[in-house]
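Here's input-v1.cif, which has mmCIF, C-alpha atoms:
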data_run
#
loop_
_atom_site.label_atom_id
_atom_site.label_comp_id
_atom_site.auth_asym_id
_atom_site.auth_seq_id
_atom_site.Cartn_x
_atom_site.Cartn_y
_atom_site.Cartn_z
CA MET U 1 101.90 116.76 92.51
CA GLU U 2 100.68 113.30 91.51
CA LEU U 3 97.95 112.73 88.87
CA ASN U 4 95.75 109.61 88.90
CA THR U 5 92.66 108.49 86.99
CA ASP U 6 89.87 106.85 88.98
CA PHE U 7 86.10 106.33 88.99
CA ALA U 8 83.71 108.01 91.43
CA ASN U 9 81.03 105.30 90.91
CA PRO U 10 82.99 102.18 89.91
CA GLU U 11 80.05 99.88 90.71
CA PHE U 12 78.45 100.86 87.37
CA LEU U 13 81.34 99.18 85.54
CA TRP U 14 79.79 95.82 86.43
CA LEU U 15 77.17 96.60 83.81
CA LEU U 16 79.84 96.01 81.14
CA CYS U 17 79.46 92.31 81.95
CA LEU U 18 76.05 92.47 80.20
CA LEU U 19 77.64 93.26 76.83
CA PRO U 20 78.77 89.68 76.08
CA LEU U 21 75.24 88.48 76.96
CA LEU U 22 73.75 91.00 74.53
CA LEU U 23 76.15 89.80 71.84
CA VAL U 24 75.14 86.16 72.40
CA TRP U 25 71.46 87.15 72.33
CA TYR U 26 71.97 89.02 69.04
CA VAL U 27 73.73 86.10 67.38
CA LEU U 28 71.04 83.62 68.43
CA LYS U 29 68.29 85.97 67.35
CA ASN U 30 69.76 86.34 63.88
CA LYS U 31 70.19 82.58 63.46
CA LYS U 32 66.52 81.99 64.21
CA GLY U 33 65.48 84.81 61.91
CA ASN U 34 67.40 83.49 58.89
CA VAL U 35 65.02 81.21 56.90
CA ALA U 36 66.60 79.16 54.12
CA LEU U 37 64.85 79.48 50.73
CA LYS U 38 65.94 76.81 48.22
CA MET U 39 65.81 77.83 44.57
CA PRO U 40 67.44 76.39 41.46
CA SER U 41 69.14 79.66 40.69
CA THR U 42 69.95 82.93 42.47
CA LYS U 43 70.63 84.97 39.42
CA GLY U 44 67.41 86.86 39.96
CA PHE U 45 68.62 88.27 43.23
CA GLY U 46 71.29 90.90 43.49
CA LYS U 47 73.78 90.54 46.31
CA SER U 48 73.04 93.21 48.87
CA TYR U 49 75.94 94.58 50.91
CA PHE U 50 73.45 96.52 53.02
CA SER U 51 71.90 93.29 54.29
CA LYS U 52 75.28 92.26 55.74
CA ALA U 53 76.28 95.75 56.87
CA LYS U 54 73.13 96.02 58.97
CA HIS U 55 75.10 94.34 61.80
CA LEU U 56 76.94 97.66 62.08
CA LEU U 57 73.85 99.01 63.81
CA PHE U 58 74.23 96.52 66.63
CA VAL U 59 77.95 97.37 66.95
CA LEU U 60 77.03 101.03 67.24
CA ARG U 61 74.42 100.15 69.87
CA LEU U 62 76.98 98.19 71.94
CA ALA U 63 79.53 101.02 71.65
CA ALA U 64 76.91 103.56 72.78
CA ILE U 65 75.90 101.41 75.76
CA SER U 66 79.58 100.95 76.71
CA ALA U 67 80.24 104.70 76.57
CA LEU U 68 77.10 105.37 78.62
CA ILE U 69 78.16 102.87 81.32
CA ILE U 70 81.63 104.40 81.56
CA GLY U 71 80.08 107.85 81.80
CA LEU U 72 77.81 106.66 84.65
CA ALA U 73 80.93 105.36 86.47
CA ARG U 74 82.22 108.98 86.42
CA PRO U 75 85.89 108.81 85.42
CA GLN U 76 87.95 111.50 87.16
CA ASN U 77 91.48 112.84 87.07
CA THR U 78 92.64 113.17 90.67
CA SER U 79 95.60 115.42 91.47
CA GLU U 80 97.24 114.92 94.86
CA THR U 81 99.28 117.63 96.57
CA THR U 82 101.27 116.87 99.71
CA LYS U 83 102.21 119.52 102.25
CA THR U 84 104.50 118.74 105.17
CA GLU U 85 104.51 120.81 108.35
CA THR U 86 106.69 120.53 111.43
CA THR U 87 104.45 120.15 114.46
CA LYS U 88 107.22 119.81 117.03
CA GLY U 89 110.49 121.52 116.12
CA ILE U 90 113.75 120.97 117.95
CA ASP U 91 116.44 123.60 118.49
CA ILE U 92 119.91 122.06 118.80
CA VAL U 93 123.24 123.61 119.73
CA MET U 94 126.40 121.61 119.15
CA ALA U 95 129.17 122.62 121.58
CA ILE U 96 132.51 121.51 120.13
CA ASP U 97 135.85 121.29 121.94
CA VAL U 98 138.65 122.81 119.81
CA SER U 99 141.53 122.42 122.27
CA SER U 100 144.93 121.13 121.06
CA SER U 101 144.13 117.61 122.24
CA MET U 102 141.42 117.46 119.53
CA LEU U 103 144.33 117.05 117.08
CA ALA U 104 145.13 113.64 118.56
CA LYS U 105 145.30 110.90 115.92
CA ASP U 106 143.45 108.07 117.67
CA LEU U 107 140.59 108.89 115.32
CA SER U 108 141.34 109.20 111.60
CA PRO U 109 142.82 111.56 110.52
CA ASN U 110 142.39 113.28 113.90
CA ARG U 111 139.61 113.86 116.41
CA LEU U 112 138.54 117.26 115.14
CA VAL U 113 138.33 116.31 111.47
CA ALA U 114 136.50 113.08 112.30
CA LEU U 115 134.02 115.01 114.43
CA LYS U 116 133.35 117.60 111.73
CA LYS U 117 132.57 114.86 109.20
CA VAL U 118 130.10 113.11 111.51
CA ALA U 119 128.55 116.39 112.66
CA ALA U 120 127.95 117.44 109.04
CA ALA U 121 126.05 114.20 108.39
CA PHE U 122 124.02 114.81 111.55
CA ILE U 123 123.11 118.35 110.44
CA ASN U 124 122.06 117.13 106.98
CA GLY U 125 119.83 114.57 108.67
CA ARG U 126 117.85 117.23 110.59
CA PRO U 127 116.07 119.18 107.81
CA ASN U 128 113.21 120.33 110.06
CA ASP U 129 115.26 121.61 113.01
CA ARG U 130 117.22 124.75 113.79
CA ILE U 131 120.88 124.20 114.66
CA GLY U 132 123.60 126.40 116.13
CA LEU U 133 127.32 125.95 116.80
CA VAL U 134 129.38 126.85 119.87
CA VAL U 135 133.15 126.28 120.02
CA TYR U 136 135.25 126.28 123.15
CA ALA U 137 138.77 125.60 124.39
CA GLY U 138 140.16 127.80 127.21
CA GLU U 139 137.21 130.12 126.45
CA SER U 140 134.10 129.89 124.29
CA TYR U 141 132.04 131.75 121.71
CA THR U 142 129.07 131.25 119.39
CA LYS U 143 130.11 130.22 115.91
CA THR U 144 126.55 130.42 114.55
CA PRO U 145 123.27 131.16 116.37
CA ILE U 146 120.43 128.66 115.99
CA THR U 147 119.20 128.85 112.42
CA SER U 148 117.29 126.79 109.87
CA ASP U 149 119.87 127.71 107.20
CA LYS U 150 121.76 124.41 107.01
CA ARG U 151 124.10 125.74 104.34
CA LEU U 152 125.29 128.47 106.72
CA VAL U 153 125.79 126.00 109.57
CA LEU U 154 127.72 123.56 107.38
CA GLU U 155 129.99 126.31 106.08
CA ALA U 156 130.67 127.46 109.65
CA LEU U 157 131.41 123.86 110.66
CA LYS U 158 134.03 123.58 107.90
CA GLU U 159 135.76 126.71 109.19
CA ILE U 160 136.20 125.35 112.75
CA LYS U 161 139.89 124.76 113.52
CA TYR U 162 142.37 124.75 116.34
CA GLY U 163 144.11 128.02 117.25
CA GLU U 164 141.19 130.47 117.30
CA LEU U 165 140.99 130.35 121.12
CA ASN U 166 143.38 130.09 124.04
CA ASP U 167 144.20 126.47 124.69
CA GLY U 168 142.53 124.58 127.52
CA THR U 169 139.22 122.82 128.13
CA ALA U 170 136.54 125.05 129.62
CA ILE U 171 133.62 122.61 129.62
CA GLY U 172 131.53 124.86 131.88
CA MET U 173 132.06 127.84 129.57
CA GLY U 174 131.13 125.83 126.47
CA LEU U 175 127.97 124.51 128.11
CA ALA U 176 126.98 127.93 129.49
CA THR U 177 127.40 129.57 126.08
CA ALA U 178 125.21 126.89 124.51
CA VAL U 179 122.56 127.41 127.21
CA ASN U 180 122.66 131.14 126.54
CA ARG U 181 121.93 130.48 122.85
CA LEU U 182 118.89 128.33 123.69
CA LYS U 183 117.38 129.96 126.76
CA ASP U 184 115.11 132.29 124.77
CA SER U 185 114.12 129.65 122.22
CA GLU U 186 110.38 129.00 121.88
CA ALA U 187 110.90 125.49 120.51
CA LEU U 188 109.06 122.70 122.29
CA SER U 189 112.33 120.79 122.63
CA LYS U 190 115.81 122.26 123.25
CA VAL U 191 118.94 120.12 123.06
CA ILE U 192 122.69 120.60 123.55
CA ILE U 193 125.23 118.11 122.21
CA LEU U 194 128.46 118.79 124.08
CA LEU U 195 131.64 117.04 122.97
CA THR U 196 135.00 117.08 124.72
CA ASP U 197 138.13 114.95 124.88
CA GLY U 198 139.52 116.18 128.20
CA VAL U 199 138.84 117.43 131.69
CA ASN U 200 137.56 120.82 132.79
CA ASN U 201 140.72 122.88 133.43
CA ALA U 202 139.83 126.43 132.36
CA GLY U 203 137.08 129.04 132.43
CA PHE U 204 135.26 130.77 135.28
CA ILE U 205 131.98 128.82 135.10
CA GLU U 206 131.80 125.36 136.63
CA PRO U 207 130.14 122.62 134.55
CA ALA U 208 127.74 121.84 137.42
CA THR U 209 126.58 125.48 137.45
CA ALA U 210 126.06 125.46 133.68
CA ALA U 211 124.11 122.20 134.00
CA GLU U 212 121.80 123.82 136.56
CA LEU U 213 121.18 126.65 134.11
CA ALA U 214 120.28 124.09 131.46
CA VAL U 215 117.78 122.49 133.83
CA GLU U 216 116.25 125.89 134.62
CA TYR U 217 115.61 126.52 130.93
CA GLN U 218 114.51 122.92 130.27
CA ILE U 219 117.44 122.16 127.99
CA LYS U 220 118.46 118.54 127.59
CA THR U 221 122.20 117.86 127.24
CA TYR U 222 123.87 114.91 125.55
CA THR U 223 127.57 114.67 126.40
CA ILE U 224 130.21 112.83 124.38
CA GLY U 225 133.67 111.88 125.60
CA LEU U 226 135.97 111.56 122.59
CA GLY U 227 139.14 109.50 122.71
CA THR U 228 140.43 105.95 122.79
CA ASN U 229 141.04 103.99 125.96
CA GLY U 230 144.68 104.19 127.07
CA ASN U 231 147.21 106.29 125.14
CA ALA U 232 146.90 108.24 121.91
CA LEU U 233 149.29 109.98 119.54
CA SER U 234 148.75 113.58 120.64
CA PRO U 235 150.40 117.02 120.46
CA ILE U 236 152.92 117.18 123.33
CA ALA U 237 155.14 120.14 122.41
CA TYR U 238 155.91 122.73 119.76
CA ASN U 239 158.63 122.37 117.15
CA PRO U 240 160.89 125.36 116.43
CA ASP U 241 158.81 126.21 113.37
CA GLY U 242 155.65 126.44 115.50
CA SER U 243 154.16 123.12 114.43
CA PHE U 244 153.18 120.45 116.92
CA ARG U 245 155.41 117.63 118.01
CA TYR U 246 153.45 114.45 118.51
CA GLY U 247 153.99 111.73 121.07
CA MET U 248 152.03 109.15 123.01
CA ALA U 249 149.96 110.67 125.81
CA GLU U 250 147.40 109.27 128.19
CA VAL U 251 143.77 109.96 127.26
CA GLN U 252 142.09 111.68 130.20
CA ILE U 253 138.33 112.28 130.08
CA ASP U 254 136.30 113.26 133.12
CA GLU U 255 133.56 110.73 132.46
CA LYS U 256 131.97 111.17 135.88
CA LEU U 257 131.52 114.88 135.21
CA LEU U 258 130.06 114.28 131.76
CA GLU U 259 127.70 111.60 133.10
CA LYS U 260 126.51 113.97 135.84
CA VAL U 261 125.90 116.83 133.41
CA ALA U 262 123.89 114.52 131.12
CA SER U 263 121.82 112.89 133.87
CA THR U 264 121.11 116.23 135.58
CA THR U 265 119.63 117.68 132.41
CA GLY U 266 117.77 114.55 131.31
CA GLY U 267 120.25 113.61 128.62
CA LYS U 268 122.71 110.77 128.15
CA TYR U 269 126.49 110.31 128.19
CA PHE U 270 128.36 108.53 125.38
CA ARG U 271 131.98 107.49 124.88
CA ALA U 272 133.43 107.53 121.37
CA THR U 273 136.69 105.57 121.12
CA ASN U 274 136.89 105.44 117.31
CA ASN U 275 135.33 106.84 114.13
CA LYS U 276 132.67 104.16 113.86
CA LYS U 277 131.60 104.59 117.47
CA LEU U 278 131.33 108.35 116.99
CA GLU U 279 129.04 107.83 113.98
CA GLN U 280 126.86 105.42 115.97
CA ILE U 281 126.53 107.92 118.82
CA TYR U 282 125.27 110.68 116.55
CA GLU U 283 122.90 108.20 114.89
CA GLU U 284 121.52 107.25 118.31
CA ILE U 285 121.05 110.89 119.30
CA ASN U 286 119.33 111.45 115.97
CA SER U 287 116.90 108.61 116.73
CA LEU U 288 116.31 109.77 120.33
CA GLU U 289 115.41 113.31 119.29
CA LYS U 290 112.68 112.87 116.70
CA THR U 291 110.98 115.88 115.17
CA GLU U 292 107.22 115.43 114.81
CA VAL U 293 106.17 116.10 111.23
CA GLU U 294 102.57 116.13 110.03
CA THR U 295 101.69 115.50 106.39
CA PHE U 296 98.58 117.00 104.80
CA LYS U 297 97.22 115.68 101.51
CA PHE U 298 94.95 117.77 99.28
CA TYR U 299 92.96 116.30 96.39
CA ALA U 300 91.53 118.08 93.33
CA TYR U 301 89.05 116.25 91.11
CA GLU U 302 88.49 116.91 87.38
CA GLU U 303 85.36 115.20 86.02
CA LYS U 304 85.85 113.27 82.74
CA PHE U 305 82.36 111.73 82.27
CA ARG U 306 81.13 114.37 79.81
CA PRO U 307 83.12 113.14 76.76
CA TRP U 308 81.78 109.60 77.35
CA ALA U 309 78.21 110.84 77.72
CA ILE U 310 78.52 112.89 74.51
CA ALA U 311 80.03 109.89 72.70
CA ALA U 312 77.14 107.69 73.83
CA LEU U 313 74.59 110.26 72.61
CA VAL U 314 76.32 110.63 69.23
CA LEU U 315 76.51 106.86 68.75
CA PHE U 316 72.81 106.45 69.61
CA ILE U 317 71.90 109.22 67.14
CA VAL U 318 74.06 107.71 64.38
CA GLU U 319 72.56 104.27 65.00
CA TRP U 320 69.01 105.68 64.96
CA GLY U 321 69.71 107.68 61.80
CA LEU U 322 71.16 104.73 59.86
CA LYS U 323 68.36 102.47 61.09
CA ASN U 324 65.72 104.82 59.72
CA THR U 325 67.45 105.71 56.45
CA LEU U 326 70.01 103.46 54.73
CA PHE U 327 69.10 100.24 56.56
CA LYS U 328 65.35 100.80 56.85
CA SER U 329 64.53 98.24 54.16
CA PHE U 330 66.70 95.50 55.73
CA ILE U 331 65.38 95.54 59.33
#

Render the structure in this file as structure tokens.
Amino acid sequence: MELNTDFANPEFLWLLCLLPLLLVWYVLKNKKGNVALKMPSTKGFGKSYFSKAKHLLFVLRLAAISALIIGLARPQNTSETTKTETTKGIDIVMAIDVSSSMLAKDLSPNRLVALKKVAAAFINGRPNDRIGLVVYAGESYTKTPITSDKRLVLEALKEIKYGELNDGTAIGMGLATAVNRLKDSEALSKVIILLTDGVNNAGFIEPATAAELAVEYQIKTYTIGLGTNGNALSPIAYNPDGSFRYGMAEVQIDEKLLEKVASTTGGKYFRATNNKKLEQIYEEINSLEKTEVETFKFYAYEEKFRPWAIAALVLFIVEWGLKNTLFKSFI
């Protein structure tokens, strides 16, 4: 809430410009009224402080007029309250590939960790939208349903890791699961952001079929191919202790498939070859999918003219009282 002081009738404040004119008039009037009387001695006259203090009456009159003018201008305290409402919400599901190739180190420190960092920033930048998470490898499942609880989504994003699913890249399964999460949504705009670093080699649903489902439910899909051009340091085998052995492997992304899925659903395909490019892609998607927010402002007015009006009345009464009592003999 913001508090401001303003005037309802500020045009009356121009009357304050008359005060200097009244002061000049008073000074000139008193000069003309003072007649010099020459005498050899002034011992017969007592010095009267009241004759000099009579100017206080004019000061009181000016103060009363000033207070009255300010009161006429109607000073007010205005409190402003702002209320923001989402007029067009967007439901978003992020479908994330968690196959072993997502541990490749062409992004720092690897593809999966880099993605989670960028995705977290994207989620924090969508305060008015509902977001859900789907993870897939050789199969898929819903990590979190669409929700407005960003804390829950961010915690679930942190927990995503390789090894929870059979290895492989079931793009069609990941997309179909995301569609299933959004198909009953009543949001005016429904969006899937599907990220993969490979080719469709698992699952029993074809990506083209899942894309058709997305079109049926009016769900737009942005697809992201993640991986550098050429070769990348990737998991190629297991060590005896169960850890991965890394070696250079060719980066294979079915870009034609991802482009088709995006264009079919009215979305767009992106290629992220490094950390910076991945950040730029999510920033672009963030700018393409704008949530419409309407701001309402409410104003409350508290009138403050009464104290000025009372002050003017009191000053006029005091001036009148002094004029007709203490200073009556000197006017």

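Considering the residues U:Leu22, U:Ile131, U:Val118, U:Val113 and counting all atoms listed in the file, Ile160 (chain U) has its shortest atom-to-atom contact with U:Val113.
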
### Message
If the PyMOL selection byres ((chain U and resi 191-199) around 9) were run on this exact file, what residues would it hold? Put them as JSON, numbers by chain.
### Response
{"U": [90, 91, 92, 93, 94, 95, 96, 97, 98, 99, 101, 102, 111, 168, 169, 170, 171, 174, 175, 178, 179, 182, 189, 190, 200, 201, 214, 218, 219, 220, 221, 222, 223, 224, 225, 226, 227, 251, 252, 253, 254, 255, 257, 267, 285, 289]}

### Summary
Min atom-atom distance to Trp14 (chain U) from the set U:Ile281, U:Ile69, U:Val27, U:Leu62, counting only C-alpha atoms, belongs to U:Ile69

### Contacts of Trp308 (chain U) within 12 Å, only C-alpha atoms, excl. fewer than 3 positions in-chain, as a list of chain:residue names
U:Ala63, U:Ala64, U:Ile65, U:Ser66, U:Ala67, U:Leu68, U:Ile69, U:Ile70, U:Gly71, U:Leu72, U:Ala73, U:Arg74, U:Pro75, U:Gln76, U:Glu303, U:Lys304, U:Phe305, U:Ala311, U:Ala312, U:Leu313, U:Val314, U:Leu315

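CA of Ala156 (chain U) lies 18.9 Å from CA of Tyr282 (chain U).
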
Please write N, CA and C atoms of region 208-250 of chain U, from the structure given just now, as a compact mmCIF listing (two decimals), in the first residue's frame.
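Output contents, as saved in decode-v2.txt:
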# COMPACT_ATOMS: atom_id res chain seq x y z
N ALA U 208 5.17 -39.34 -33.63
CA ALA U 208 4.17 -38.74 -34.53
C ALA U 208 2.77 -38.93 -33.96
N THR U 209 2.51 -40.10 -33.37
CA THR U 209 1.20 -40.36 -32.76
C THR U 209 0.96 -39.46 -31.56
N ALA U 210 2.00 -39.30 -30.74
CA ALA U 210 1.88 -38.42 -29.57
C ALA U 210 1.67 -36.98 -30.01
N ALA U 211 2.33 -36.58 -31.10
CA ALA U 211 2.15 -35.21 -31.61
C ALA U 211 0.72 -34.98 -32.06
N GLU U 212 0.12 -35.99 -32.70
CA GLU U 212 -1.28 -35.87 -33.13
C GLU U 212 -2.21 -35.72 -31.93
N LEU U 213 -1.89 -36.41 -30.85
CA LEU U 213 -2.68 -36.26 -29.62
C LEU U 213 -2.56 -34.83 -29.08
N ALA U 214 -1.37 -34.30 -29.16
CA ALA U 214 -1.15 -32.92 -28.69
C ALA U 214 -1.98 -31.94 -29.51
N VAL U 215 -2.04 -32.17 -30.83
CA VAL U 215 -2.84 -31.30 -31.69
C VAL U 215 -4.32 -31.41 -31.33
N GLU U 216 -4.77 -32.63 -31.06
CA GLU U 216 -6.18 -32.86 -30.72
C GLU U 216 -6.59 -32.08 -29.48
N TYR U 217 -5.67 -31.99 -28.52
CA TYR U 217 -5.98 -31.29 -27.27
C TYR U 217 -5.45 -29.86 -27.25
N GLN U 218 -5.06 -29.37 -28.42
CA GLN U 218 -4.59 -27.99 -28.59
C GLN U 218 -3.42 -27.67 -27.66
N ILE U 219 -2.44 -28.56 -27.69
CA ILE U 219 -1.25 -28.40 -26.85
C ILE U 219 -0.06 -28.08 -27.76
N LYS U 220 0.55 -26.95 -27.52
CA LYS U 220 1.72 -26.54 -28.29
C LYS U 220 2.97 -27.20 -27.70
N THR U 221 3.88 -27.65 -28.58
CA THR U 221 5.09 -28.33 -28.12
C THR U 221 6.34 -27.65 -28.65
N TYR U 222 7.20 -27.26 -27.71
CA TYR U 222 8.54 -26.77 -28.07
C TYR U 222 9.52 -27.93 -27.84
N THR U 223 10.32 -28.24 -28.83
CA THR U 223 11.29 -29.33 -28.70
C THR U 223 12.70 -28.77 -28.69
N ILE U 224 13.55 -29.40 -27.87
CA ILE U 224 14.94 -28.96 -27.74
C ILE U 224 15.85 -30.17 -27.94
N GLY U 225 16.76 -30.07 -28.89
CA GLY U 225 17.80 -31.07 -29.08
C GLY U 225 19.04 -30.63 -28.33
N LEU U 226 19.51 -31.45 -27.40
CA LEU U 226 20.61 -31.06 -26.52
C LEU U 226 21.88 -31.83 -26.85
N GLY U 227 22.93 -31.13 -27.19
CA GLY U 227 24.20 -31.79 -27.48
C GLY U 227 25.00 -31.01 -28.51
N THR U 228 26.32 -31.08 -28.38
CA THR U 228 27.19 -30.35 -29.28
C THR U 228 27.19 -30.98 -30.67
N ASN U 229 27.71 -30.26 -31.62
CA ASN U 229 27.87 -30.82 -32.97
C ASN U 229 29.15 -31.65 -33.01
N GLY U 230 29.06 -32.87 -33.52
CA GLY U 230 30.25 -33.74 -33.61
C GLY U 230 30.26 -34.78 -32.51
N ASN U 231 31.37 -34.86 -31.78
CA ASN U 231 31.54 -35.87 -30.74
C ASN U 231 31.53 -35.23 -29.35
N ALA U 232 31.15 -36.04 -28.37
CA ALA U 232 31.11 -35.57 -26.99
C ALA U 232 31.61 -36.66 -26.06
N LEU U 233 32.19 -36.25 -24.94
CA LEU U 233 32.64 -37.20 -23.93
C LEU U 233 31.41 -37.77 -23.24
N SER U 234 31.12 -39.05 -23.49
CA SER U 234 29.85 -39.65 -23.08
C SER U 234 30.08 -41.00 -22.41
N PRO U 235 29.11 -41.49 -21.63
CA PRO U 235 29.21 -42.85 -21.08
C PRO U 235 29.19 -43.87 -22.23
N ILE U 236 30.18 -44.77 -22.25
CA ILE U 236 30.24 -45.76 -23.32
C ILE U 236 30.22 -47.20 -22.80
N ALA U 237 30.50 -47.34 -21.49
CA ALA U 237 30.52 -48.69 -20.90
C ALA U 237 30.51 -48.56 -19.38
N TYR U 238 30.35 -49.71 -18.72
CA TYR U 238 30.39 -49.73 -17.26
C TYR U 238 31.75 -50.23 -16.78
N ASN U 239 32.25 -49.63 -15.73
CA ASN U 239 33.44 -50.13 -15.04
C ASN U 239 33.04 -51.28 -14.13
N PRO U 240 33.99 -52.06 -13.68
CA PRO U 240 33.67 -53.19 -12.78
C PRO U 240 32.92 -52.78 -11.51
N ASP U 241 33.15 -51.55 -11.06
CA ASP U 241 32.46 -51.11 -9.83
C ASP U 241 31.07 -50.55 -10.12
N GLY U 242 30.63 -50.62 -11.38
CA GLY U 242 29.29 -50.15 -11.73
C GLY U 242 29.23 -48.72 -12.22
N SER U 243 30.33 -47.99 -12.10
CA SER U 243 30.34 -46.61 -12.58
C SER U 243 30.53 -46.59 -14.09
N PHE U 244 30.28 -45.44 -14.68
CA PHE U 244 30.40 -45.32 -16.14
C PHE U 244 31.84 -45.11 -16.56
N ARG U 245 32.15 -45.67 -17.71
CA ARG U 245 33.42 -45.38 -18.38
C ARG U 245 33.09 -44.42 -19.51
N TYR U 246 33.84 -43.34 -19.54
CA TYR U 246 33.58 -42.29 -20.53
C TYR U 246 34.53 -42.40 -21.72
N GLY U 247 34.02 -42.04 -22.87
CA GLY U 247 34.82 -41.98 -24.09
C GLY U 247 34.13 -41.08 -25.09
N MET U 248 34.80 -40.75 -26.16
CA MET U 248 34.22 -39.88 -27.17
C MET U 248 33.20 -40.67 -28.00
N ALA U 249 32.04 -40.09 -28.16
CA ALA U 249 30.97 -40.73 -28.93
C ALA U 249 30.29 -39.69 -29.79
N GLU U 250 29.80 -40.12 -30.92
CA GLU U 250 29.12 -39.21 -31.84
C GLU U 250 27.77 -38.78 -31.25
